[in-house]
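Trainee: Got a structure here, written out as structure tokens. Questions coming.
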Amino acid sequence: MKLLFSKRYKHLKRLKEILQVISKEGLGFTIDYLGIDKTLKLPWHIRQTGKTKNIIPMASRVRVVLEQLGPTFIKLGQVLSTRADLLPPGYLKELELLQDNIPPLSFEQMEKVIEEELVKPIKQVFSEINNNPIASASIGQVYKASLVTGEQVIIKVQRPGISKIIETDLEIISDLAHLLEERTNKGKLYKYHKFTTEFAKVLREELDYRIEADHAERIWSNFQGDETVCIPKIFREYSNYRILVQEYKAGIKISEGFGQKQTPFNKKKVATRLVNAVCQQVLIDGFFHADLHPGNIAIGKDDTVIFMDFGMMGRLDHQTRESLISLLLNLINKDIDGIILLLSDLGSITSNVNKQQLKRGLYLILDRYYYKPLFEIKLKNLLREILSLSESYQITFPEEMILTARTLILLESIIEQLDPEINFIELVKPFTPKLIAEKLSLSRIKKTISKRFFSLSRFLLRLPEQLGVLLEKAEEGNLKLILEPTNFTKLIQHLNTVGNRLSFSLIVSSIIIGSSLIAQKTTSAILGPFHLAELGFIIAVLMGLWLLVSIIRSGKV
């Protein structure tokens with residue numbers, strides 16, 4: 001196959017930069033494996049593998065490569081850090097260390113972006129802007145400012161030219177995914193191009209700050225009346241594609257409580273509120289913060305949890321949310337049959353999977369946790385072990401489920417760093433009665449009955465018409481029944497084997513009978529001491545032994 005990116009000459013410079021970093025960090029063998037060097041005719045110094053890097057673990061080299069390649073690859077690594085179905089544990093731990101903190105650009109460079117998006121002088125909107133950013137990442141920088149109306153705000157500004165860089169990288173990643181899908185069995189199973197397409201969609205949304213404003217307002221609406229959670233207000237009139245202006249909320253980063261015995265907030269209360277807020281987003285609202293790292297959470301007055309940065313969000317439809325609630329309840333109750341049934345409902349188990357073997361695999365995993373008290377169980381380890389079954393049993397988990405698992409793993413990690421003695425599952429368990437009440441609420445039951453009734457109504461209304469079409473085709477002789485047998489090739493192979501053995505047996509029998517007839521008619525020898533009849537018997541015995549050995553080896557005696 002000719003590489004897709006071989007035609008994209010505008011990407012060749014960036015592609016060669018990527019390949020040079022890969023080679024420098026001792027991963028040059030991947031270039032040869034994918035056949036990139038043959039198509040692009042790369043110079044030797046790019047293709048060679050850095051020998052001095054061999055002493056560094058492979059997973060560490062992959063992390064270093066991603067960090068050096070910039071925002072797109074850092075984001076990709078962060079997403080992959082929870083994909084236990086795609087990567088071994090060592091890689092997952094290494095990718096968790098990826099950081100998106102880079103030196104800031106000068107305010108003069110960022111000021112041009114602000115004025116271009118406002119389409120007016122900055123002084124007409126902001127009375128004051130602190131030129132030193134309070135946060136700097138690969139996509140944007142954040143500044144504290146004051147509006148001319150007096151409100152304290154923060155301005156999130158996108159780095160100039162970053163959108164073009166990310167678009168180029170996304171196209172290169174897409175091409176590489178197609179290559180891996182073509183050349184590896186794992187790529188075919190997990191459809192890497194589908195994963196990268198979803199990743200690209202999420203990252204493009206994150207580049208558009210207008211979409212982030214929509215997300216923030218929706219989350220704000222969902223938590224109206226909840227005094228334990230704070231979502232900063234968005235100033236729509238000053239926000240655009242590359243800048244976002246939102247209310248400044250005083251608080252301290254939750255990370256300031258990591259590893260500290262004395263903190264300005266109550267750890268247990270904050271942990272409980274954080275878990276309740278995320279569980280509500282995931283399990284009740286079906287719209288949740290999907291980039292839940294410590295830098296996006298602050299603690300305000302009276303231990304209020306402040307959420308920030310709504311660029312990456314997860315969405316769950318009603319059916320998936322129902323299945324996830326049931327899955328969580330089954331995990332807490334260790335109901336393996338219920339878990340397998342839910343995985344089947346989600347369409348993630350292929351029809352040719354041995355469900356009994358899958359059940360035994362799940363039993364082996366859950367048995368290790370069955371007798372443990374909840375405070376000793378780590379959800380991260382449990383979810384990763386379940387996800388790791390995907391390769392053995394060819395399970396493909398829906399993207400929204402993977403994103404949900406990632407969010408819960410990040411949440412547990414924050415709780416663990418906040419206080420190792422606080423257990424995440426213990427905090428989730430009190431939330432389960434609320435889930436059950438929500439699941440069995442009168443409004444939910446009415447809604448479910450209404451959906452079923454309207455589905456049945458549509459079916460009954462269409463039934464006469466469909467029956468009419470069916471009968472009309474039958475009368476005209478155009479009704480056809482198409483059968484698609486499964487494992488037909490295996491059946492043909494089996495019949496061929498049986499036929500060959502039967503033919504072989506008939507030949508052996510014929511030789512024996514023929515030899516017997518010859519023995520009665522003649523006593524002449526044709527090969528020294530051997531008579532013709534004896535030679536026939538010897539050949540028949542050897543062929544018979546060959547047939548017997550082949551049957552025994554096949555295990556079908």
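A note on labels: chains of the structure tokens are A, B, ... as shown, every chain counts residues from 1, and ligands are counted from 1 in their shown order.
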Please return as a PyMOL selection string: the residues of region 134-248 of chain A that backbone DSSP assigns to alpha helix (DSSP H).

Mentor: chain A and resi 162-183+185-190+192-207+209-222

Trainee: Now that the selection is made, can you save its residues with C-alpha atoms as a PDB file, in the first residue's frame?

Mentor:
ATOM      1  CA  ILE A 162      -1.486  26.408  16.989  1.00  0.00           C
ATOM      2  CA  SER A 163      -4.632  25.399  15.087  1.00  0.00           C
ATOM      3  CA  LYS A 164      -2.670  24.847  11.858  1.00  0.00           C
ATOM      4  CA  ILE A 165      -0.005  22.768  13.653  1.00  0.00           C
ATOM      5  CA  ILE A 166      -2.637  20.562  15.275  1.00  0.00           C
ATOM      6  CA  GLU A 167      -4.511  20.025  11.998  1.00  0.00           C
ATOM      7  CA  THR A 168      -1.293  18.864  10.297  1.00  0.00           C
ATOM      8  CA  ASP A 169      -0.480  16.520  13.187  1.00  0.00           C
ATOM      9  CA  LEU A 170      -4.006  15.082  13.212  1.00  0.00           C
ATOM     10  CA  GLU A 171      -3.786  14.197   9.517  1.00  0.00           C
ATOM     11  CA  ILE A 172      -0.392  12.529  10.022  1.00  0.00           C
ATOM     12  CA  ILE A 173      -1.717  10.580  13.034  1.00  0.00           C
ATOM     13  CA  SER A 174      -4.715   9.478  10.964  1.00  0.00           C
ATOM     14  CA  ASP A 175      -2.426   8.166   8.216  1.00  0.00           C
ATOM     15  CA  LEU A 176      -0.274   6.301  10.727  1.00  0.00           C
ATOM     16  CA  ALA A 177      -3.406   4.759  12.255  1.00  0.00           C
ATOM     17  CA  HIS A 178      -4.480   3.445   8.846  1.00  0.00           C
ATOM     18  CA  LEU A 179      -1.017   1.925   8.390  1.00  0.00           C
ATOM     19  CA  LEU A 180      -1.104   0.213  11.782  1.00  0.00           C
ATOM     20  CA  GLU A 181      -4.615  -1.031  11.093  1.00  0.00           C
ATOM     21  CA  GLU A 182      -3.447  -2.548   7.831  1.00  0.00           C
ATOM     22  CA  ARG A 183      -0.263  -4.128   9.190  1.00  0.00           C
ATOM     23  CA  ASN A 185      -4.012  -7.692  13.897  1.00  0.00           C
ATOM     24  CA  LYS A 186      -4.584  -5.450  16.903  1.00  0.00           C
ATOM     25  CA  GLY A 187      -5.098  -2.509  14.580  1.00  0.00           C
ATOM     26  CA  LYS A 188      -7.763  -4.434  12.666  1.00  0.00           C
ATOM     27  CA  LEU A 189      -9.532  -5.512  15.866  1.00  0.00           C
ATOM     28  CA  TYR A 190      -9.655  -2.055  17.504  1.00  0.00           C
ATOM     29  CA  TYR A 192      -7.340   2.500  15.059  1.00  0.00           C
ATOM     30  CA  HIS A 193      -8.638   4.904  12.391  1.00  0.00           C
ATOM     31  CA  LYS A 194     -11.962   5.095  14.253  1.00  0.00           C
ATOM     32  CA  PHE A 195     -10.139   5.900  17.494  1.00  0.00           C
ATOM     33  CA  THR A 196      -8.058   8.635  15.847  1.00  0.00           C
ATOM     34  CA  THR A 197     -11.167  10.072  14.134  1.00  0.00           C
ATOM     35  CA  GLU A 198     -12.889  10.391  17.514  1.00  0.00           C
ATOM     36  CA  PHE A 199      -9.727  11.858  19.044  1.00  0.00           C
ATOM     37  CA  ALA A 200      -9.490  14.433  16.231  1.00  0.00           C
ATOM     38  CA  LYS A 201     -13.119  15.425  16.735  1.00  0.00           C
ATOM     39  CA  VAL A 202     -12.584  16.023  20.460  1.00  0.00           C
ATOM     40  CA  LEU A 203      -9.368  17.994  19.905  1.00  0.00           C
ATOM     41  CA  ARG A 204     -10.942  20.191  17.211  1.00  0.00           C
ATOM     42  CA  GLU A 205     -13.777  21.001  19.608  1.00  0.00           C
ATOM     43  CA  GLU A 206     -11.185  21.980  22.199  1.00  0.00           C
ATOM     44  CA  LEU A 207      -9.670  24.466  19.746  1.00  0.00           C
ATOM     45  CA  TYR A 209     -13.539  28.312  22.549  1.00  0.00           C
ATOM     46  CA  ARG A 210     -17.129  29.031  21.517  1.00  0.00           C
ATOM     47  CA  ILE A 211     -17.887  25.333  21.987  1.00  0.00           C
ATOM     48  CA  GLU A 212     -16.172  25.435  25.382  1.00  0.00           C
ATOM     49  CA  ALA A 213     -18.441  28.348  26.315  1.00  0.00           C
ATOM     50  CA  ASP A 214     -21.470  26.202  25.404  1.00  0.00           C
ATOM     51  CA  HIS A 215     -20.136  23.391  27.570  1.00  0.00           C
ATOM     52  CA  ALA A 216     -19.556  25.672  30.555  1.00  0.00           C
ATOM     53  CA  GLU A 217     -23.063  27.114  30.362  1.00  0.00           C
ATOM     54  CA  ARG A 218     -24.623  23.656  30.163  1.00  0.00           C
ATOM     55  CA  ILE A 219     -22.659  22.433  33.203  1.00  0.00           C
ATOM     56  CA  TRP A 220     -23.548  25.656  35.041  1.00  0.00           C
ATOM     57  CA  SER A 221     -27.241  24.983  34.313  1.00  0.00           C
ATOM     58  CA  ASN A 222     -27.000  21.403  35.614  1.00  0.00           C
TER      59      ASN A 222
END

Trainee: To test your reading of the structure, identify every residue in region 266-369 of chain A that backbone DSSP assigns to strand (DSSP E), and report it as number ranges by chain.

Mentor: A: 287-289, 297-299, 305-307, 313-315

Trainee: Out of A:Lys93, A:Met401, A:Ile299, A:Ser413, which residue has the shortest atom-to-atom distance to Leu327 (chain A) when counting only C-alpha atoms?

Mentor: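 Looking at the shortest contact to Leu327 (chain A), the residue is A:Met401.
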
Trainee: Between CA of Ile414 (chain A) and CA of Leu292 (chain A), what is the distance in Å, rounded to a tenth?

Mentor: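 The value is 8.7 Å.
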
Trainee: Expressed in Å to a single decimal, how great is the separation between CA of Leu27 (chain A) and CA of Ile55 (chain A)?

Mentor: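 So the answer is 12.3 Å.
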
Trainee: Enter the distance from CA of Thr320 (chain A) to CA of Ile306 (chain A), in Å, rounded to one decimal.

Mentor: 27.3 Å

Trainee: Between A:Ile254, A:Met543, A:Leu92, A:Leu502, which is the closest to Thr304 (chain A) once you count only C-alpha atoms?

Mentor: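 Using only C-alpha atoms, the shortest distance to Thr304 (chain A) belongs to A:Ile254.
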